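Report on the structure given below.
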Amino acid sequence: MSAIEIKDLHVAIGDKPIVKGLSLTIKQGEVHAIMGPNGTGKSTFSKAIAGHPDYTITQGDVLIDGQSILALEPDERARAGIFLAFQYPCEIPGVSIANFIRAAMQARLKDGEELDATGYYKQLYAQMDSLKIDRKFTSRAVNDGFSGGEKKRCEILQMAMLKPRFAFMDETDSGLDIDALRIVSEGIEHMRGADLGILLITHYQRLLNHIVPDFVHVMYDGRIVKSGDKSLALELEAKGYDWVKTELAAS
Ligand code: ADP
Ligand code: MG
C-alpha cells in the first residue's frame, strides 16, 4: 500500500506565504476531506502538490512511499499517481475530450507502447455512461462552453480513465445542482477502493452526505488546525467557521 506524505508544507505565491506548515498523510484506500473558509489556501495547496509553476514550495516536503516528488515536473507527478481535479477547470478549444484523455493516457505508457484504440473507446464510453455524460460529448472540445456541472463531470471522467493512486479533488461539488452532485458523488464513490487515496476539498458539508470521509480536517490560514472524523464536518456546518477562529484565538 502506498501513501502520500505532506510534511510541514509551505507554499508562496510570489513573496506572499499562503500555505504555512501543512502536514497530512493520505494512504491508498483512505478518503480525507479538507474543509475551510474561502481564501485559506486550499486551492494553492492542491495546485502546489500537482506542480503548478506559479506556486513556490518554500519549505517542507511531499513524499510518495518515502520518495520526494518535489523535483518532478507535473507530468512526472501524474505518472507517479497524482491527479488533481480543478476547482475551475479550463477550457481547451480545438481539443476533443476523446483526444485529450487519449493523449494523457498515451503519455503514461512506456516509450514505444501504443494505446489500444478499440479498448480505449470501450472504456471511455463505459465511464461516460456511468457518469451520465452524453456520448455526443466525446467529440466536443474540453470544457468549451460546458456548464459548471458538465465541467466537473468531465474532471471525474478524466480521473476515472487515468486511475490515479492519489486524487485531490478541489471543490468538485461547487456549482452543482442536486442531481449533478449526486451523479458526481456516485462517480467518486464508485472509484473509492483500496487502490485510491482521495482528498476532497470542500467548503460545504453537503458533499460529505454522499461521500462519507474517513478523516475530516479543518484548514485555516494556511494550515490544518483541527482533525477528526465525519462528525467534525457536521459540527462545522452547525457552528460555522467562526467557531474555529474563536477557538484558535482562545488557545
Ligand atoms: P481557497 O482555495 O482556500 O479559497 P486559495 O488557495 O484560492 O484559497 O487562495 C489563497 C490566497 O491566495 C487568497 O488570498 C488568494 O487571493 C491568493 N491567491 C491564490 N491564487 C493566486 C494567484 N495566482 N496570484 C495571487 N494570489 C493568489
Ligand atoms: Mg479554492
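Ligands are numbered from 1 in the order shown, chains are lettered A, B, ... in the order of the C-alpha cells, and residues start at 1 in each chain.
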Which residues in range 87-209 of chain A does DSSP call helix (DSSP H, G or I)? List them as number ranges by chain.
-> A: 97-107, 117-130, 135-139, 148-162, 178-191, 207-209
Would you kindly return, as a PyMOL selection string, each protein, DNA or RNA residue with an atom no farther than 7 Å from any atom of range 167-173 of chain A, considering only C-alpha atoms and excluding same-chain residues fewer than 3 positions away?
-> chain A and resi 43+46+82-87+152+164+176+181+197-202+207
Would you put the residues from that selection into a file with all heavy atoms, as a compact mmCIF listing (two decimals), in the first residue's frame?
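New file again_21.txt:
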```txt
# COMPACT_ATOMS: atom_id res chain seq x y z
N SER A 43 -6.89 25.72 -2.52
CA SER A 43 -6.53 25.52 -3.94
C SER A 43 -5.02 25.66 -4.14
O SER A 43 -4.41 24.91 -4.91
CB SER A 43 -7.28 26.50 -4.83
OG SER A 43 -8.66 26.26 -4.78
N SER A 46 -3.43 22.41 -3.21
CA SER A 46 -3.59 21.29 -4.15
C SER A 46 -2.83 21.54 -5.45
O SER A 46 -2.24 20.61 -6.02
CB SER A 46 -5.08 21.02 -4.41
OG SER A 46 -5.72 22.17 -4.89
N ILE A 82 -0.44 10.98 -9.11
CA ILE A 82 -1.20 12.11 -8.58
C ILE A 82 -2.19 12.64 -9.62
O ILE A 82 -1.85 12.76 -10.80
CB ILE A 82 -0.25 13.25 -8.15
CG1 ILE A 82 0.56 12.78 -6.94
CG2 ILE A 82 -1.01 14.52 -7.82
CD1 ILE A 82 1.59 13.79 -6.46
N PHE A 83 -3.38 12.94 -9.17
CA PHE A 83 -4.38 13.54 -10.04
C PHE A 83 -4.99 14.74 -9.32
O PHE A 83 -5.29 14.66 -8.13
CB PHE A 83 -5.49 12.53 -10.38
CG PHE A 83 -6.57 13.10 -11.25
CD1 PHE A 83 -6.45 13.09 -12.63
CD2 PHE A 83 -7.72 13.66 -10.69
CE1 PHE A 83 -7.44 13.63 -13.45
CE2 PHE A 83 -8.72 14.19 -11.50
CZ PHE A 83 -8.57 14.17 -12.88
N LEU A 84 -5.18 15.83 -10.06
CA LEU A 84 -5.85 16.99 -9.48
C LEU A 84 -7.09 17.31 -10.30
O LEU A 84 -7.00 17.53 -11.52
CB LEU A 84 -4.90 18.20 -9.47
CG LEU A 84 -5.52 19.56 -9.13
CD1 LEU A 84 -6.10 19.57 -7.71
CD2 LEU A 84 -4.49 20.68 -9.26
N ALA A 85 -8.23 17.32 -9.64
CA ALA A 85 -9.45 17.81 -10.28
C ALA A 85 -9.57 19.28 -9.90
O ALA A 85 -9.64 19.63 -8.73
CB ALA A 85 -10.66 17.02 -9.78
N PHE A 86 -9.55 20.15 -10.91
CA PHE A 86 -9.50 21.59 -10.66
C PHE A 86 -10.82 22.16 -10.14
O PHE A 86 -11.90 21.72 -10.54
CB PHE A 86 -9.16 22.34 -11.95
CG PHE A 86 -7.76 22.14 -12.43
CD1 PHE A 86 -7.49 21.34 -13.53
CD2 PHE A 86 -6.69 22.74 -11.77
CE1 PHE A 86 -6.19 21.16 -13.98
CE2 PHE A 86 -5.39 22.57 -12.20
CZ PHE A 86 -5.14 21.77 -13.31
N GLN A 87 -10.68 23.18 -9.27
CA GLN A 87 -11.87 23.92 -8.84
C GLN A 87 -12.46 24.67 -10.04
O GLN A 87 -13.67 24.68 -10.22
CB GLN A 87 -11.49 24.92 -7.74
CG GLN A 87 -12.66 25.76 -7.27
CD GLN A 87 -12.34 26.61 -6.05
OE1 GLN A 87 -11.19 26.67 -5.59
NE2 GLN A 87 -13.35 27.26 -5.50
N LYS A 152 -17.34 19.69 -14.17
CA LYS A 152 -16.97 18.86 -13.02
C LYS A 152 -17.08 17.38 -13.37
O LYS A 152 -16.26 16.57 -12.98
CB LYS A 152 -17.83 19.20 -11.79
CG LYS A 152 -17.62 20.62 -11.26
CD LYS A 152 -16.16 20.86 -10.89
CE LYS A 152 -15.85 22.31 -10.58
NZ LYS A 152 -15.86 22.67 -9.20
N PRO A 164 -5.73 7.30 -10.99
CA PRO A 164 -4.60 7.71 -10.15
C PRO A 164 -4.53 6.91 -8.85
O PRO A 164 -5.48 6.19 -8.52
CB PRO A 164 -4.91 9.18 -9.85
CG PRO A 164 -6.40 9.25 -9.90
CD PRO A 164 -6.83 8.27 -10.95
N LEU A 176 -22.67 22.73 -8.43
CA LEU A 176 -23.51 21.62 -8.90
C LEU A 176 -24.91 21.72 -8.33
O LEU A 176 -25.08 22.06 -7.16
CB LEU A 176 -22.91 20.27 -8.47
CG LEU A 176 -21.51 19.92 -8.98
CD1 LEU A 176 -21.13 18.52 -8.54
CD2 LEU A 176 -21.47 20.01 -10.50
N LEU A 181 -24.76 16.83 -8.34
CA LEU A 181 -23.99 16.49 -7.14
C LEU A 181 -24.08 14.99 -6.87
O LEU A 181 -23.08 14.34 -6.55
CB LEU A 181 -24.50 17.27 -5.93
CG LEU A 181 -23.79 16.97 -4.60
CD1 LEU A 181 -22.36 17.48 -4.62
CD2 LEU A 181 -24.54 17.56 -3.41
N GLY A 197 -6.31 6.76 -2.86
CA GLY A 197 -6.43 7.68 -1.73
C GLY A 197 -7.07 8.96 -2.26
O GLY A 197 -6.69 9.45 -3.31
N ILE A 198 -8.06 9.46 -1.55
CA ILE A 198 -8.80 10.64 -2.05
C ILE A 198 -8.72 11.77 -1.03
O ILE A 198 -8.88 11.55 0.18
CB ILE A 198 -10.29 10.28 -2.28
CG1 ILE A 198 -10.43 9.18 -3.33
CG2 ILE A 198 -11.09 11.52 -2.71
CD1 ILE A 198 -11.87 8.74 -3.58
N LEU A 199 -8.47 12.97 -1.53
CA LEU A 199 -8.63 14.15 -0.70
C LEU A 199 -9.72 15.02 -1.32
O LEU A 199 -9.59 15.51 -2.43
CB LEU A 199 -7.33 14.96 -0.61
CG LEU A 199 -7.48 16.22 0.27
CD1 LEU A 199 -7.69 15.86 1.73
CD2 LEU A 199 -6.28 17.13 0.14
N LEU A 200 -10.82 15.16 -0.60
CA LEU A 200 -11.92 16.01 -1.04
C LEU A 200 -11.73 17.38 -0.41
O LEU A 200 -11.66 17.49 0.81
CB LEU A 200 -13.26 15.45 -0.58
CG LEU A 200 -13.62 14.03 -1.01
CD1 LEU A 200 -14.82 13.54 -0.20
CD2 LEU A 200 -13.93 14.00 -2.50
N ILE A 201 -11.59 18.39 -1.24
CA ILE A 201 -11.51 19.75 -0.71
C ILE A 201 -12.88 20.37 -0.90
O ILE A 201 -13.42 20.37 -2.01
CB ILE A 201 -10.44 20.57 -1.47
CG1 ILE A 201 -9.07 19.95 -1.23
CG2 ILE A 201 -10.48 22.03 -1.05
CD1 ILE A 201 -7.97 20.54 -2.09
N THR A 202 -13.46 20.84 0.18
CA THR A 202 -14.81 21.36 0.04
C THR A 202 -15.08 22.47 1.05
O THR A 202 -14.46 22.53 2.12
CB THR A 202 -15.86 20.23 0.19
OG1 THR A 202 -17.16 20.80 0.04
CG2 THR A 202 -15.77 19.52 1.52
N LEU A 207 -21.42 17.66 0.28
CA LEU A 207 -20.76 16.58 -0.47
C LEU A 207 -20.52 15.37 0.44
O LEU A 207 -20.60 14.22 0.00
CB LEU A 207 -19.42 17.08 -1.02
CG LEU A 207 -18.55 16.05 -1.74
CD1 LEU A 207 -19.16 15.64 -3.08
CD2 LEU A 207 -17.14 16.58 -1.95
```
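Excluding Pro17 in chain A itself and any same-chain residue fewer than 2 positions from it, the protein and nucleic acid residues within 10 Å of it, counting only C-alpha atoms, are His10, Val11, Ala12, Ile13, Gly14, Asp15, Val19, Lys20, Gly41, Tyr55, Thr56, Ile57, Thr58 and Gly222 of chain A.
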Could you write those residues out with N, CA and C atoms, as a JSON list (two decimals), in the first residue's frame?
```
[["chain", "number", "residue", "atom", "x", "y", "z"],
["A", 10, "HIS", "N", 5.06, 24.54, 3.10],
["A", 10, "HIS", "CA", 4.88, 26.00, 3.00],
["A", 10, "HIS", "C", 4.85, 26.35, 1.52],
["A", 11, "VAL", "N", 3.84, 27.11, 1.10],
["A", 11, "VAL", "CA", 3.74, 27.50, -0.30],
["A", 11, "VAL", "C", 3.54, 29.00, -0.39],
["A", 12, "ALA", "N", 4.28, 29.63, -1.31],
["A", 12, "ALA", "CA", 4.14, 31.07, -1.52],
["A", 12, "ALA", "C", 3.73, 31.34, -2.95],
["A", 13, "ILE", "N", 2.96, 32.42, -3.13],
["A", 13, "ILE", "CA", 2.68, 32.94, -4.47],
["A", 13, "ILE", "C", 3.45, 34.25, -4.55],
["A", 14, "GLY", "N", 4.48, 34.31, -5.39],
["A", 14, "GLY", "CA", 5.39, 35.45, -5.36],
["A", 14, "GLY", "C", 6.05, 35.47, -3.99],
["A", 15, "ASP", "N", 5.93, 36.63, -3.31],
["A", 15, "ASP", "CA", 6.54, 36.75, -1.98],
["A", 15, "ASP", "C", 5.54, 36.44, -0.86],
["A", 19, "VAL", "N", 0.33, 28.91, 2.12],
["A", 19, "VAL", "CA", 0.26, 27.68, 2.92],
["A", 19, "VAL", "C", 1.41, 27.74, 3.92],
["A", 20, "LYS", "N", 1.09, 27.51, 5.20],
["A", 20, "LYS", "CA", 2.06, 27.84, 6.25],
["A", 20, "LYS", "C", 2.31, 26.69, 7.22],
["A", 41, "GLY", "N", -6.28, 28.95, 1.40],
["A", 41, "GLY", "CA", -5.13, 28.31, 0.74],
["A", 41, "GLY", "C", -5.37, 26.88, 0.27],
["A", 55, "TYR", "N", 3.29, 28.42, -8.12],
["A", 55, "TYR", "CA", 3.26, 28.23, -6.68],
["A", 55, "TYR", "C", 4.61, 27.68, -6.22],
["A", 56, "THR", "N", 5.26, 28.42, -5.35],
["A", 56, "THR", "CA", 6.61, 28.03, -4.91],
["A", 56, "THR", "C", 6.54, 27.34, -3.56],
["A", 57, "ILE", "N", 7.08, 26.15, -3.51],
["A", 57, "ILE", "CA", 7.18, 25.46, -2.23],
["A", 57, "ILE", "C", 8.45, 25.95, -1.55],
["A", 58, "THR", "N", 8.29, 26.65, -0.44],
["A", 58, "THR", "CA", 9.43, 27.30, 0.21],
["A", 58, "THR", "C", 9.99, 26.47, 1.36],
["A", 222, "GLY", "N", -3.85, 28.74, 6.10],
["A", 222, "GLY", "CA", -2.71, 28.04, 5.54],
["A", 222, "GLY", "C", -2.25, 26.78, 6.26]]
```
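Around ligand 1, the neighbouring residues within 7 Å, taking only C-alpha atoms and all ligand atoms, come to Ile13, Ile18, Gly36, Pro37, Asn38, Gly39, Thr40, Gly41, Lys42, Ser43, Thr44, Phe45 and Asp54 of chain A.
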Any chance you could export the current selection's N, CA, C and O atoms as a PDB file, in the first residue's frame?
```pdb
ATOM      1  N   ILE A  13       2.960  32.422  -3.126  1.00  0.00           N
ATOM      2  CA  ILE A  13       2.683  32.936  -4.471  1.00  0.00           C
ATOM      3  C   ILE A  13       3.454  34.250  -4.551  1.00  0.00           C
ATOM      4  O   ILE A  13       3.141  35.191  -3.811  1.00  0.00           O
ATOM      5  N   ILE A  18       1.229  31.573   1.575  1.00  0.00           N
ATOM      6  CA  ILE A  18      -0.204  31.212   1.588  1.00  0.00           C
ATOM      7  C   ILE A  18      -0.418  29.950   2.434  1.00  0.00           C
ATOM      8  O   ILE A  18      -1.255  29.922   3.325  1.00  0.00           O
ATOM      9  N   GLY A  36     -12.624  24.388   4.767  1.00  0.00           N
ATOM     10  CA  GLY A  36     -12.059  25.641   5.240  1.00  0.00           C
ATOM     11  C   GLY A  36     -12.685  26.815   4.535  1.00  0.00           C
ATOM     12  O   GLY A  36     -13.222  26.668   3.440  1.00  0.00           O
ATOM     13  N   PRO A  37     -12.612  27.976   5.162  1.00  0.00           N
ATOM     14  CA  PRO A  37     -13.214  29.164   4.549  1.00  0.00           C
ATOM     15  C   PRO A  37     -12.504  29.554   3.261  1.00  0.00           C
ATOM     16  O   PRO A  37     -11.380  29.104   3.005  1.00  0.00           O
ATOM     17  N   ASN A  38     -13.142  30.378   2.461  1.00  0.00           N
ATOM     18  CA  ASN A  38     -12.533  30.855   1.217  1.00  0.00           C
ATOM     19  C   ASN A  38     -11.265  31.638   1.527  1.00  0.00           C
ATOM     20  O   ASN A  38     -11.197  32.344   2.522  1.00  0.00           O
ATOM     21  N   GLY A  39     -10.280  31.475   0.664  1.00  0.00           N
ATOM     22  CA  GLY A  39      -9.054  32.262   0.787  1.00  0.00           C
ATOM     23  C   GLY A  39      -8.056  31.705   1.782  1.00  0.00           C
ATOM     24  O   GLY A  39      -7.065  32.339   2.108  1.00  0.00           O
ATOM     25  N   THR A  40      -8.295  30.494   2.255  1.00  0.00           N
ATOM     26  CA  THR A  40      -7.444  29.927   3.303  1.00  0.00           C
ATOM     27  C   THR A  40      -6.254  29.151   2.725  1.00  0.00           C
ATOM     28  O   THR A  40      -5.357  28.732   3.456  1.00  0.00           O
ATOM     29  N   GLY A  41      -6.279  28.945   1.397  1.00  0.00           N
ATOM     30  CA  GLY A  41      -5.134  28.305   0.741  1.00  0.00           C
ATOM     31  C   GLY A  41      -5.372  26.877   0.273  1.00  0.00           C
ATOM     32  O   GLY A  41      -4.430  26.169  -0.084  1.00  0.00           O
ATOM     33  N   LYS A  42      -6.633  26.455   0.228  1.00  0.00           N
ATOM     34  CA  LYS A  42      -6.943  25.075  -0.170  1.00  0.00           C
ATOM     35  C   LYS A  42      -6.525  24.806  -1.621  1.00  0.00           C
ATOM     36  O   LYS A  42      -5.898  23.786  -1.914  1.00  0.00           O
ATOM     37  N   SER A  43      -6.887  25.722  -2.521  1.00  0.00           N
ATOM     38  CA  SER A  43      -6.532  25.517  -3.935  1.00  0.00           C
ATOM     39  C   SER A  43      -5.023  25.663  -4.141  1.00  0.00           C
ATOM     40  O   SER A  43      -4.415  24.915  -4.910  1.00  0.00           O
ATOM     41  N   THR A  44      -4.434  26.613  -3.446  1.00  0.00           N
ATOM     42  CA  THR A  44      -2.986  26.809  -3.530  1.00  0.00           C
ATOM     43  C   THR A  44      -2.262  25.524  -3.145  1.00  0.00           C
ATOM     44  O   THR A  44      -1.335  25.074  -3.821  1.00  0.00           O
ATOM     45  N   PHE A  45      -2.696  24.934  -2.051  1.00  0.00           N
ATOM     46  CA  PHE A  45      -2.125  23.679  -1.568  1.00  0.00           C
ATOM     47  C   PHE A  45      -2.225  22.585  -2.639  1.00  0.00           C
ATOM     48  O   PHE A  45      -1.228  21.952  -2.993  1.00  0.00           O
ATOM     49  N   ASP A  54       3.293  28.441 -10.822  1.00  0.00           N
ATOM     50  CA  ASP A  54       3.113  29.734 -10.149  1.00  0.00           C
ATOM     51  C   ASP A  54       3.249  29.636  -8.628  1.00  0.00           C
ATOM     52  O   ASP A  54       3.273  30.647  -7.936  1.00  0.00           O
TER      53      ASP A  54
END
```
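CA of Ala141 in chain A sits 18.4 Å away from CA of Asp129 in chain A.
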A:Val142, A:Cys154, A:Met35, A:Ala238: which is nearest ligand 2, counting only C-alpha atoms and all ligand atoms?
-> A:Met35
Pro213 in chain A: which residues within 8 Å, counting only C-alpha atoms, same-chain residues fewer than 5 positions away excluded, as a PyMOL selection string?
-> chain A and resi 30-33+208+229-230
